[in-house]
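This report refers to the structure that appears directly beneath it.
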Amino acid sequence: MIIKRKIQLINFLYFMTIDIHASMDMMEDVFNIDLSTLQNIEVQSASKSAQLLSETPATMIVVTKDQIQKRGYRSLLDLLNDVAGFSVYKFANAGLYSVIGIRGITGQSYLKILRDGIEIDMTKSQSVSVGMNYPLVGVERVEIVYGGSSVVYGGDAVSGIINLITDTHVGSIVDIATDGDYYHLMTKYTGTLNKSVLTIGASVHSDRDYDFDKLYPSLYPKVDIYNINKTIVESANDRDFNYMPVKTQSAFLYLNNSVWTFGANYSKTSDSTYISLVGDSTKKELAYYNSNMISEMRGAYFSYRYLFGNKVNLTSTISYDATELDPESFYINSGNDYHNAYKYFISERIAIDETLRFNISNHKITAGVTAEHYYSMPKSFDLEKPYFDKTATYPRSDINVNYYQKSWDFQAIYIQDQIKITDSFLISFALRSQITDIDDQYWLQRMALIYNSHEIYQKLLYSKSMLIPRASIMYLNYGYFFIPNDGKRDWDNNKYQINSARIPNPDLEAEWTDSYEYNIWTFFNKNLYLFGSVFYTKMQSVIRDTVLYNITTLFPDTTILKAKQQFNNSWAELYGGELGFMFKKSFNYFDLDTWANYSMIDGHELINNTLTELPYIRPHQIKAGSTISWRNFDLTLSGNWVDIAHADYSTKTDPSHKKKIAGYIIGDLYFKYKYTDYLNFALTIKNIGDDRYYSTRISTSTDYRSPQESRQIIFGLFYVF
């Protein structure tokens with residue numbers, strides 16, 4: 001299979017190359033600018049309106065196209081791995097390839113990913129991996145907003161906003177890379193269509209095959225696998241842990257003119273269901289190559305802009321997006337007695353947004369009205385066959401499957417007033433009222449004091465945000481198969497029993513966060529700037545697991561011996577900060593671009609009346625890198641140092657302390673050679689030292705470590721025409 005894939009890839013690269021013809025000069029890099037001008041870049045993400053980066057009522061950074069290209073970022077995960085305050089957990093969980101944490105708040109549910117200001121990740125629905133489904137080809141810049149933005153974006157913009165801004169410069173790009181096993185192809189075209197600018201992009205990606213059992217043999221014990229009848233279904237000698245690589249296809253379209261915009265996005269990702277399983281967990285599963293979770297995200301939107309004079313404009317937007325798990329998705333483990341166990345979910349959203357922007361004297365006002373309709377069918381217990389039969393029964397039972405199909409609506413109105421007191425001093429106030437048909441009315445706020453003077457930019461920030469529980473959490477249910485009652489309980493005459501399961505809780509309430517932050521940027525000259533921030537966040541009504549026993553209310557004539565159910569039973573305090581610098585200077589023979597940042601996070605959580613350390617945090621991280629440009633060569637060296645990391649598993653001797661994962665230092669290299677004005681060749685080496693190290697597995701299992709990749713050498717070709 002690997003040889004066949006290599007031959008197909010070589011043929012594909014050949015025909016792609018001979019079809020490319022240079023037709024224009026390489027696009028001018030409009031972001032190759034002095035650092036002192038960065039704060040005057042106009043951004044959109046913090047307030048849904050254009051404003052200078054230095055005047056946004058939030059901590060915000062911009063990663064430019066120049067930085068993306070010179071540092072060799074191909075996916076959003078590559079970029080975030082270098083950003084202060086972010087933690088990227090790869091191979092984080094079964095069927096969830098990667099998870100993002102921002103300042104100690106971990107999970108895709110807490111952040112929003114946008115393209116050109118429109119949500120494309122459906123965070124109110126199911127958790128979906130972040131990887132090559134967000135390629136950076138055709139991206140002009142990435143705007144990152146730290147902290148709560150629910151006042152503008154609604155009830156799940158808690159940890160941050162990531163906005164991918166489309167590159168609309170006329171021209172085309174083809175980016176190809178491979179190591180013979182791993183491969184990706186990304187392409188983007190921009191041209192004019194009547195009086196509009198049309199941009200389309202697409203990507204195809206496959207990770208390499210994983211050999212974790214050879215790299216980390218102690219975590220992959222080879223033992224005989226038995227079914228419930230004590231029959232061997234896979235012998236120790238036959239075990240090879242041949243996991244399917246992550247595969248992704250994605251595409252987008254962006255059509256824009258002075259009056260209206262139309263956009264569409266699509267991605268499909270296949271994640272192996274067992275990449276993250278190690279230790280005792282591997283003794284309960286079959287490493288079947290084709291078992292995977294195939295998720296699909298799709299969406300489209302249309303915006304129309306009305307202008308009233310020179311100071312007032314109104315934008316009307318209607319959008320649709322959806323996240324769906326392919327009905328053919330399945331896994332095989334002891335929970336289904338080593339038969340195919342199929343999964344399915346779907347979530348859809350239709351939204352209408354009216355945003356009004358106008359200026360009155362020294363007031364810059366943004367106001368909006370939003371109405372959203374959601375439909376969701378979360379994952380259910382295992383299905384014996386792909387989801388098509390609405391009257392299917394649960395495996396090994398005569399009980400009909402309950403699919404928990406739910407619909408609900410949101411309405412909200414918000415307003416933000418940014419007041420310019422003096423040339424150096426601004427105040428911003430924002431308020432949002434949000435109403436749902438499943439809960440009460442919510443009030444969210446954001447305030448900012450902004451002072452800019454003599455190349456020193458300071459912000460004092462407060463935000464109140466919320467996470468509305470998703471249907472996929474409220475009605476999430478799965479577990480081990482139904483078996484006949486073993487008769488060991490005198491009080492139990494039920495026909496079936498389930499040894500272990502997760503059961504839904506439709507009474508979950510919203511999580512709340514209050515965040516306080518001080519942020520400062522200072523420029524020593526046009527070549528050097530320093531930044532720093534300190535923050536404190538309090539989270540209330542946090543949703544966490546509770547273990548229950550002998551549940552008889554979920555299924556008829558069935559007892560669940562041990563169940564996990566989620567409740568609003570926790571609160572947490574997080575505090576920390578970031579320090580960093582960027583230095584960029586042209587010398588006689590070369591250009592130098594150097595960056596470094598340090599992040600610290602600490603705090604505690606009170607869960608079920610026990611005060612514990614925070615789960616899923618990396619208390620100390622240092623990220624640094626340097627790009628040297630000489631003639632037609634760019635060389636980037638980068639590194640990431642992580643101190644110990646916390647798992648969500650308490651030690652047996654002290655439940656207030658979490659299990660720790662050893663720290664590591666990992667270095668990467670990216671080299672690019674500009675062969676002509678149109679053609680670049682690239683070399684990427686990930687994990688230069690070929691180190692063996694671990695990340696955190698997002699699970700309460702005793703197997704809380706997730707092994708990471710070994711050295712990888714990738715060759716690339718980048719063509720502009």
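All residue names refer to the structure tokens as shown: chains lettered A, B, ... in order, residues numbered from 1 in each chain, ligands numbered from 1 in order.
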
So which residues touch stretch 182-198 of chain A within 9 Å, counting only C-alpha atoms, skipping near sequence neighbours fewer than 4 positions away, as a ChimeraX atom specification?
/A:9,13,74,135-138,167-178,202-209,245,253-258,714

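When the distance limit is 9 Å and only C-alpha atoms are what count, the residues near A:Tyr403, minus those fewer than 5 positions from it on the same chain, are Met377, Pro378, Lys379, Ser380, Phe381 and Lys390 of chain A.
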
Go ahead and dump the residues you just picked, C-alpha atoms, as a CSV table (one decimal), in the first residue's frame.
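Output saved as selection13.csv:
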```csv
chain,number,residue,atom,x,y,z
A,377,MET,CA,-28.2,14.7,16.9
A,378,PRO,CA,-25.3,13.8,19.2
A,379,LYS,CA,-23.4,10.5,19.2
A,380,SER,CA,-25.3,7.6,20.6
A,381,PHE,CA,-24.5,4.1,22.0
A,390,LYS,CA,-34.3,4.8,12.4
```

Just asking: which residues within stretch 197-271 of chain A are strand (DSSP E or B) according to DSSP, as a PyMOL selection string?
chain A and resi 197-206+210+225-226+232-234+243+247-256+260-271

Store the residues picked out above in a file with N, CA and C atoms, as an mmCIF file, in the first residue's frame.
```cif
data_model
loop_
_atom_site.group_PDB
_atom_site.id
_atom_site.type_symbol
_atom_site.label_atom_id
_atom_site.label_comp_id
_atom_site.auth_asym_id
_atom_site.auth_seq_id
_atom_site.Cartn_x
_atom_site.Cartn_y
_atom_site.Cartn_z
ATOM 1 N N VAL A 197 -13.682 40.056 -7.001
ATOM 2 C CA VAL A 197 -12.454 39.279 -6.848
ATOM 3 C C VAL A 197 -12.829 37.876 -6.401
ATOM 4 N N LEU A 198 -12.367 36.884 -7.141
ATOM 5 C CA LEU A 198 -12.665 35.484 -6.842
ATOM 6 C C LEU A 198 -11.404 34.796 -6.339
ATOM 7 N N THR A 199 -11.502 34.171 -5.165
ATOM 8 C CA THR A 199 -10.407 33.370 -4.616
ATOM 9 C C THR A 199 -10.936 31.973 -4.316
ATOM 10 N N ILE A 200 -10.240 30.958 -4.807
ATOM 11 C CA ILE A 200 -10.590 29.582 -4.494
ATOM 12 C C ILE A 200 -9.322 28.865 -4.046
ATOM 13 N N GLY A 201 -9.479 27.939 -3.132
ATOM 14 C CA GLY A 201 -8.340 27.172 -2.635
ATOM 15 C C GLY A 201 -8.755 25.756 -2.300
ATOM 16 N N ALA A 202 -7.795 24.859 -2.320
ATOM 17 C CA ALA A 202 -8.076 23.457 -2.006
ATOM 18 C C ALA A 202 -6.814 22.802 -1.474
ATOM 19 N N SER A 203 -6.983 21.746 -0.709
ATOM 20 C CA SER A 203 -5.835 21.005 -0.187
ATOM 21 C C SER A 203 -6.198 19.538 -0.025
ATOM 22 N N VAL A 204 -5.186 18.678 -0.184
ATOM 23 C CA VAL A 204 -5.296 17.240 0.067
ATOM 24 C C VAL A 204 -4.083 16.870 0.917
ATOM 25 N N HIS A 205 -4.325 16.115 1.983
ATOM 26 C CA HIS A 205 -3.243 15.849 2.940
ATOM 27 C C HIS A 205 -3.391 14.447 3.506
ATOM 28 N N SER A 206 -2.252 13.803 3.742
ATOM 29 C CA SER A 206 -2.218 12.534 4.465
ATOM 30 C C SER A 206 -0.987 12.515 5.352
ATOM 31 N N TYR A 210 1.927 5.569 11.264
ATOM 32 C CA TYR A 210 2.540 5.718 12.584
ATOM 33 C C TYR A 210 3.111 4.389 13.067
ATOM 34 N N ILE A 225 -5.914 -11.139 22.554
ATOM 35 C CA ILE A 225 -7.164 -10.423 22.752
ATOM 36 C C ILE A 225 -8.313 -11.432 22.734
ATOM 37 N N TYR A 226 -9.124 -11.438 23.815
ATOM 38 C CA TYR A 226 -10.214 -12.392 23.961
ATOM 39 C C TYR A 226 -11.564 -11.671 23.900
ATOM 40 N N ILE A 232 -9.939 -16.291 21.416
ATOM 41 C CA ILE A 232 -8.945 -15.335 20.928
ATOM 42 C C ILE A 232 -9.415 -14.747 19.598
ATOM 43 N N VAL A 233 -9.517 -13.415 19.552
ATOM 44 C CA VAL A 233 -9.883 -12.743 18.303
ATOM 45 C C VAL A 233 -8.659 -12.158 17.616
ATOM 46 N N GLU A 234 -7.579 -11.989 18.349
ATOM 47 C CA GLU A 234 -6.302 -11.581 17.757
ATOM 48 C C GLU A 234 -5.191 -12.033 18.696
ATOM 49 N N TYR A 243 -1.931 1.757 12.538
ATOM 50 C CA TYR A 243 -2.985 2.755 12.591
ATOM 51 C C TYR A 243 -3.118 3.496 11.265
ATOM 52 N N LYS A 247 -6.150 11.730 7.368
ATOM 53 C CA LYS A 247 -6.282 12.205 5.995
ATOM 54 C C LYS A 247 -7.301 13.335 5.953
ATOM 55 N N THR A 248 -6.995 14.352 5.150
ATOM 56 C CA THR A 248 -7.859 15.528 5.088
ATOM 57 C C THR A 248 -7.976 16.037 3.662
ATOM 58 N N GLN A 249 -9.178 16.444 3.300
ATOM 59 C CA GLN A 249 -9.412 17.198 2.069
ATOM 60 C C GLN A 249 -10.195 18.451 2.454
ATOM 61 N N SER A 250 -9.844 19.581 1.867
ATOM 62 C CA SER A 250 -10.554 20.819 2.182
ATOM 63 C C SER A 250 -10.576 21.725 0.972
ATOM 64 N N ALA A 251 -11.542 22.657 0.963
ATOM 65 C CA ALA A 251 -11.665 23.618 -0.123
ATOM 66 C C ALA A 251 -12.414 24.833 0.392
ATOM 67 N N PHE A 252 -12.155 25.980 -0.227
ATOM 68 C CA PHE A 252 -12.917 27.188 0.107
ATOM 69 C C PHE A 252 -13.083 28.040 -1.139
ATOM 70 N N LEU A 253 -14.088 28.903 -1.091
ATOM 71 C CA LEU A 253 -14.365 29.859 -2.160
ATOM 72 C C LEU A 253 -14.703 31.197 -1.523
ATOM 73 N N TYR A 254 -14.172 32.269 -2.111
ATOM 74 C CA TYR A 254 -14.403 33.624 -1.590
ATOM 75 C C TYR A 254 -14.609 34.555 -2.780
ATOM 76 N N LEU A 255 -15.810 35.125 -2.892
ATOM 77 C CA LEU A 255 -16.154 36.026 -3.990
ATOM 78 C C LEU A 255 -16.606 37.344 -3.376
ATOM 79 N N ASN A 256 -15.897 38.434 -3.699
ATOM 80 C CA ASN A 256 -16.102 39.683 -2.975
ATOM 81 C C ASN A 256 -16.055 40.879 -3.925
ATOM 82 N N TRP A 260 -21.123 43.172 -1.865
ATOM 83 C CA TRP A 260 -21.501 41.905 -1.259
ATOM 84 C C TRP A 260 -20.333 40.916 -1.269
ATOM 85 N N THR A 261 -20.487 39.871 -0.440
ATOM 86 C CA THR A 261 -19.492 38.804 -0.334
ATOM 87 C C THR A 261 -20.204 37.464 -0.249
ATOM 88 N N PHE A 262 -19.696 36.501 -0.997
ATOM 89 C CA PHE A 262 -20.173 35.125 -0.883
ATOM 90 C C PHE A 262 -18.982 34.229 -0.551
ATOM 91 N N GLY A 263 -19.164 33.344 0.410
ATOM 92 C CA GLY A 263 -18.095 32.426 0.781
ATOM 93 C C GLY A 263 -18.624 31.030 1.040
ATOM 94 N N ALA A 264 -17.771 30.035 0.823
ATOM 95 C CA ALA A 264 -18.130 28.639 1.093
ATOM 96 C C ALA A 264 -16.886 27.905 1.576
ATOM 97 N N ASN A 265 -17.075 26.966 2.498
ATOM 98 C CA ASN A 265 -15.969 26.195 3.074
ATOM 99 C C ASN A 265 -16.376 24.736 3.188
ATOM 100 N N TYR A 266 -15.389 23.849 3.010
ATOM 101 C CA TYR A 266 -15.640 22.418 3.134
ATOM 102 C C TYR A 266 -14.369 21.736 3.607
ATOM 103 N N SER A 267 -14.504 20.779 4.508
ATOM 104 C CA SER A 267 -13.361 19.938 4.882
ATOM 105 C C SER A 267 -13.871 18.570 5.304
ATOM 106 N N LYS A 268 -13.042 17.560 5.041
ATOM 107 C CA LYS A 268 -13.341 16.189 5.426
ATOM 108 C C LYS A 268 -12.089 15.583 6.018
ATOM 109 N N THR A 269 -12.198 15.058 7.221
ATOM 110 C CA THR A 269 -11.043 14.522 7.936
ATOM 111 C C THR A 269 -11.326 13.111 8.416
ATOM 112 N N SER A 270 -10.372 12.226 8.203
ATOM 113 C CA SER A 270 -10.456 10.855 8.690
ATOM 114 C C SER A 270 -9.405 10.672 9.774
ATOM 115 N N ASP A 271 -9.851 10.461 11.008
ATOM 116 C CA ASP A 271 -8.959 10.261 12.151
ATOM 117 C C ASP A 271 -9.016 8.807 12.594
#
```

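Residues of stretch 281-329 of chain A that DSSP places in helix (DSSP H, G or I), based on the backbone of this structure, are Ser281, Thr282, Lys283 and Lys284 of chain A.
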
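Of the residues listed (A:Ser453, A:Asn237, A:Ser281, A:Gln497), A:Gln497 shows the shortest atom-to-atom separation from A:Phe555; distances use only C-alpha atoms.
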
Contact residues around A:Thr627 with only C-alpha atoms at 7 Å, ignoring same-chain residues under 2 positions, as JSON, numbers by chain:
{"A": [592, 593, 594, 625, 629, 634, 635, 636, 637]}

How about saving the chosen residues, C-alpha atoms kept, as a tab-separated table (two decimals), in the first residue's frame?
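The resulting file, again.tsv, is reproduced below:
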```tsv
chain	number	residue	atom	x	y	z
A	592	LEU	CA	17.40	38.44	10.63
A	593	ASP	CA	13.96	37.80	12.13
A	594	THR	CA	14.06	36.44	15.69
A	625	GLY	CA	12.95	30.78	16.63
A	629	SER	CA	17.47	35.35	4.90
A	634	ASP	CA	15.68	31.39	4.04
A	635	LEU	CA	16.64	29.25	7.04
A	636	THR	CA	14.39	29.02	10.10
A	637	LEU	CA	15.34	27.22	13.30
```
